[in-house]
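To keep things clear, I will list the structure first and then write my remarks on it.
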Amino acid sequence: MSDPHERLFTGGLPARLANSAHLEGARKKAVETGRNRLVIVAAVFACAFVVLAGRLVHLSSMGDAGSAGPVAEGGGDISLARAEIVDRNGVLLASDLTTASLYANPLQVLDAAEASDKISRVLPELDRGELFSKLSAPNRFVWIKRHLTPRQQHAVNALGLPGFAFLEEQKRVYPQGNLVAHIVGYTGVDNRGLAGIEKRLDERLGAAAGDDGARPPLRLSVDVRVQHVLHHQLALAVEKYRAIGATGVVLDADDGQILASVSLPDFDPHRVDRASADSRFNRASLGVYEMGSTFKIFTVAMALELGTADLADRIDARKPLRVARFMIRDDHAQERWLSVSEVFTYSSNIGAARMALEVGAERQREFLERIGLLGRASLEIAEIGRPIAPDPWRKISTMTVAFGHGIAVTPIQMASAVASLVNGGTRVTPTFIADRRGVRATGERVVSDKTSQAIRLLMRLNVVEGTGKKADAPGYFVGGKTGTAEKVGAGGYRRKALRSSFIGVFPASKPRYVVLAMLDEPQGTKETFGFATAGWTAAPVVGRVIERAAPLLGIEIGGEEEEEPSQRVDPGRKGRQLASF
Amino acid sequence: MILPTRADPSVIGKWWWTVDRWMLVALVALSILGIVMVTAASPAIAERLGLESFHFVRRQFVFLMPALAIMIGVSLLSPLAIRRLSVVGLVLTLLGLLATVVVGHEVNGAARWVKLGPLVVQPSEFVKPTLAIVTAWMLAERHKDEDFPGYGIASALVLVVLAFLVMQPDFGMAVVVGTIFFAQLFMAGMPTTWVAVLVVAGLGGVSLAYTLLPHVTSRIDRFLDPASGDSYQIDKSIEAFANGGVLGRGPGEGTVKLALPDAHSDFIFAVVGEEFGLFAGLTIVAVFAFIVLRGFYRILQERNIFVLLATGGLLVQFGAQAVVNMGVNMRLLPAKGITLPFISYGGSSLLALALAMGMVLGLTRRRGGWGTAT
C-alpha cells in the first residue's frame, strides 16, 4: 500500500508524520484521482443513457406487438374483419365497425368484490354475482362484455380498475337495418356469419386463417331503392289487410338477378336476440308454399309448348271434375266450354286440370323440373327451401299441380320460373350477386319464343281485363296472374285462411322484370267488399311497386302496345266480353 | 431582455457570466417539458380521484415558480453559503424524517409525508441534496486534516438517514442515498479493495431487503420473472411505448394513462412514449444525459475537493433518479417508486430537485480560484 492517500482511509501513522510538502503532494494526487474517478462515473452514466435510448428505440419499434400478450391468450375468440357488402349501386349494406371489448385478468384484479360492484354499476346489464365469480376464478383471461360503446368504454376507464383492459374487435353493422336483413343476414359476436349471405358466403367475406389481406366489397344484385319500394308496399298491405305476413320478389327477367326480396315480419339484424323465429324466417327463399292459380302459367305454357293445346282450342269446363274422391271446381265457374285464354283469365281449375291431363304426369314433371321448380334453388344465401312435390306423382297430382295445389315452391323459385317463360324462353337462375357473369349465355331454352310470347299476351290480357286489373300500372304494360290458395290447416284446407299472391311482369311486350307479391292470411276490408283474394289484395301491391320502381329502373313510361292483346290471343271472341266480369 | 455586461459588478451580473448557462437552459426546458407531460398525463388520474381535471397541472404550476426561484436563488450562493444552507437543511430534514416516523401522514401504505399547514412535505426528498453536501464537506475535511474523523461522521449520518428511510419504508430512496454516498467515496479516491467491499455490502443489503421485506421480494421476483405475479404497471408501461411508436399517438390520445395509477408521477415517461413517441422520449433522455455529463465536465478541472465531491454527489443523485425511473418504465430495472426529475408530478420532489440543481449551478460557477469553502 504505497499510495499515500490510501492511508487516509486506514488512518495510518505515516500521513501524520509527513511534512507539509508531502501533504500538498498527497492533496494534488487526491484531486487527480478524484478527476479520474469522475471520468469513470461520467462514463457509467453515459453508458446508462445510451442503454436507455436503445431500449426506447427497441420498445417503440415493437408496434402493437407489445399488447400481444392478452391477444394470444384470447386466442381465436377475437372477431375477424369482414368484407363490406354493398347493393348493386354501391350503397353500403354491411360493414365492420371497430369496437372495444372489455376483458379482465382476474389474477391482476385486486378486489373482485369491489371490481364487480363498480363494473356492474357502469354496465347494469351485467349480473353482479356472475361477474364476481368470473373475477374470482383463477384464470388469466375472461371476457366481461363484448362490443362496448365509446361511452361505456369511457365509463369503465374512468373506474381505473387494474386488471381490466380492452381489445379491439370488429362488429358488423347494417346501415339499412331491417330492410335487407333477410338477404344479408347477420353475424355472431365473433363476427362469423350466422344467416343469409353472411353465412353462406362466410369464407368469401371473412378473412381465412392466416390471411389478413383486404377484401373487396361484395356487390349484391339488390337495389336498395327497389327493395324499399317493395318493402313499403308490402308493409302497407300487411297493415291494411291485417295479414300475418307477406313476401315479395323483384327479379330481372333476363339474368335472374334479384333486385328486391322482402319477407315480413322482419327483424333488426343488430338485435337478433330479440327477434322472434317467425320474423327471422325468410318467406321469400326458405318458405315453400302452394302457389295456387299462378301455377296455371306453367300449365298453359307446357300445353302450348308440347302442342297438346292451342290458343284456338276450347276446353270443357261445364261441370266440376270428379277424380276418385276429389272434386275439382272453379271459383269463377262459367259452366261452359272455355278458350285457353279464358281458362287463364277466369282461372279455371277444371280447364287447367284437363290441359295437364292431356300432357300427362311424366311430361308435366319433366317440364316443371326443367324450369327449376322441383329442386332446391342455388342461391347465395343460407336459407333455401326445398320444394315439396307429389310423390308418387299420381293422376290426381297432375290435375292439382296444374292449378298450383299439392306442390309447394319458394317465391323466388316461382319468380324465376316465370322469368324463364316470359323472357323468350331461356332458363333463369336466380342470384343475389351482381357480378356473376355469363348466366344468360348458359341458360338453356325451356320454351320456344312463340310460347313465351303467348304467355306474355295471356298475362297481359289477364291484367287488362281479367283478375289482375288492379295490378296495372298505367304506361308500364303489366302482365300477371293472381293466385289464391287456401292454407293447409289441421284436417285439410282452411277456407278462411288464404295465401293471396300475384306474379306480374313488365313491360309485357318484352318483360324486363318479374314482380311477385304474396300476402299471408289477408282479411277483406270494406274497400275490397270483404274479399281477401289475390285480385283484391296482392295485385294492387304489384301494381304500385311497378309504378314506383319502374322509373328508378329506367323503364320508360308509355311506348306502344303492339295491338289489343285479346284480339291476338282469341281472334274469334267479342272485344269486351270479359269486361263485365 | 437586457443581458448584464461582463463588467457588471452586481451579484446578478457576476452570476450571469459565471453560471453554466447551457445547463440552466436545459433545466428550464426540462421543467417546461414537465408541465406539458403532467398536462397530458394527469387529468385522467385527477378525474379518477374525483378531483377537478387540471388539479395536478395547476399544482405543478404553483410549485414550478418557487422551484425556479429556489434554483436560481441557490445558484447565486457561494460554495460556503451552500454548505451552510445544507447543514441547516439537513438538520431540519432529519427532524422531518423523525416526524414522519412519529406523526407521519400515510399515503399508499407508506408514511413518507409530513403536514406543514396546508402543505404536505416529503422530507426524504430534501435529505438527498443536503446530505450529499454535508458528506462531501466531511470527506473534504478529512482530506485537509487526516485527524479529522470525516469518514466516521459521514458514514454515521448516512446510516441514520438510511435507517429512517427503511423505517418509512422507502427502499428506493434508501438505494439512491446509498448510491450517492458510494459515488462520493469512490470519487474521493477510495481504494479499489474498499470499492469491492462496499459493492459486496450493497448487494448484501439488497439481498437482505429481498429476504426481509416482502414487498421488495415480490418486486424483484416480478422483475426477474414477469409471469410470477402482478406485473400490471410494467406491462401497461411497455404497451404504452409500443402503442406510441415513432411519432406517438398525439397529446391526450394515450390510453395507457387511463389504466396506470401513477401515470402522472412514476410512470410519466410511459405516457410521453405513448403520446409523443420515440423522438420526444429520446429528447428527454438526451436532455438528462446532457445535464449530467455537462455537470461532470464542468467539475473535471475543479481543484477544490469539496466542490468536486458535492457536485458529483448531486449529479449522481439527479442522474441516478432519471436512469432508474426511465429504466423502470422500460423494464430494465425492478419496479421502484422514484420520480423522473423535473418531469414527474410532485411538489416536494420538484422543490428538492430545484434545490439540488441550484446547488449544482452554484458550485459549478466559474470562480477565480478562491477557496473560501475549503
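The chains in the C-alpha cells are called A, B, ... from first to last as shown; in each chain the residues are counted from 1, and the ligands are counted from 1 in the order shown.
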
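Every protein or nucleic acid residue with an atom no more than 6 Å from segment 308-322 of chain B, counting only C-alpha atoms and leaving out same-chain residues fewer than 3 positions away, appears here: Ala132, Ile133, Ala136, Ile180, Gln184, Val292, Ile299, Ile305, Asn325, Leu340 and Val360 of chain B.
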
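With only C-alpha atoms taken into account, the protein and nucleic acid residues at most 12 Å from Leu94 of chain B (excluding it and anything under 5 positions from it in its own chain) are Ser86, Val87, Val88, Gly89, Ala99, Thr100, Val101, Gln122, Pro123, Ser124, Glu125, Phe126, Val127, Lys128, Thr130, Leu131, Leu157, Val158, Val160, Val161, Leu162, Ala163, Phe164 and Leu165 of chain B.
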
Next item on the list: Enumerate, as a VMD selection string, the complete set of residues in segment 80-323 of chain B that a backbone-based DSSP assignment places in helix (DSSP H, G or I).
Entry: chain B and resid 80 to 103 123 to 144 150 to 167 171 to 187 192 to 212 214 to 224 226 to 228 232 to 244 256 to 258 268 to 299 305 to 323

Check: Given a cut-off of 7 Å, which residues of chain B touch chain A, counting only C-alpha atoms, written out as a PyMOL selection string?
Finding: chain B and resi 48+146+186-189+191+230+232+238-239+241-246+258-259+278+282+285+289+293+296+300+303+305+323+327

Margin query: Quick one: residues within 10 Å of Ile343 of chain B, only C-alpha atoms, excluding same-chain residues fewer than 4 positions away - as a VMD selection string?
Written below: chain B and resid 30 to 38 60 264 to 266 268 to 269 284 322 339 349 to 350

Output file for the residues above (C-alpha atoms, as an mmCIF file, in the first residue's frame):
```
data_model
loop_
_atom_site.group_PDB
_atom_site.id
_atom_site.type_symbol
_atom_site.label_atom_id
_atom_site.label_comp_id
_atom_site.auth_asym_id
_atom_site.auth_seq_id
_atom_site.Cartn_x
_atom_site.Cartn_y
_atom_site.Cartn_z
ATOM 1 C CA LEU B 30 -36.899 20.172 -18.642
ATOM 2 C CA SER B 31 -39.339 21.806 -16.233
ATOM 3 C CA ILE B 32 -41.378 23.196 -19.131
ATOM 4 C CA LEU B 33 -41.471 19.698 -20.664
ATOM 5 C CA GLY B 34 -42.584 18.509 -17.245
ATOM 6 C CA ILE B 35 -45.586 20.856 -17.281
ATOM 7 C CA VAL B 36 -46.540 19.618 -20.763
ATOM 8 C CA MET B 37 -46.239 15.988 -19.713
ATOM 9 C CA VAL B 38 -48.198 16.446 -16.495
ATOM 10 C CA GLN B 60 -47.439 21.654 -10.704
ATOM 11 C CA HIS B 264 -48.570 11.393 -13.689
ATOM 12 C CA SER B 265 -45.665 10.621 -11.388
ATOM 13 C CA ASP B 266 -43.602 7.434 -11.517
ATOM 14 C CA ILE B 268 -44.954 9.650 -16.723
ATOM 15 C CA PHE B 269 -42.194 8.570 -19.087
ATOM 16 C CA ILE B 284 -35.824 13.684 -22.769
ATOM 17 C CA ALA B 322 -33.501 9.725 -14.118
ATOM 18 C CA THR B 339 -39.798 10.205 -9.745
ATOM 19 C CA SER B 349 -39.738 16.274 -5.498
ATOM 20 C CA LEU B 350 -39.729 19.355 -7.717
#
```
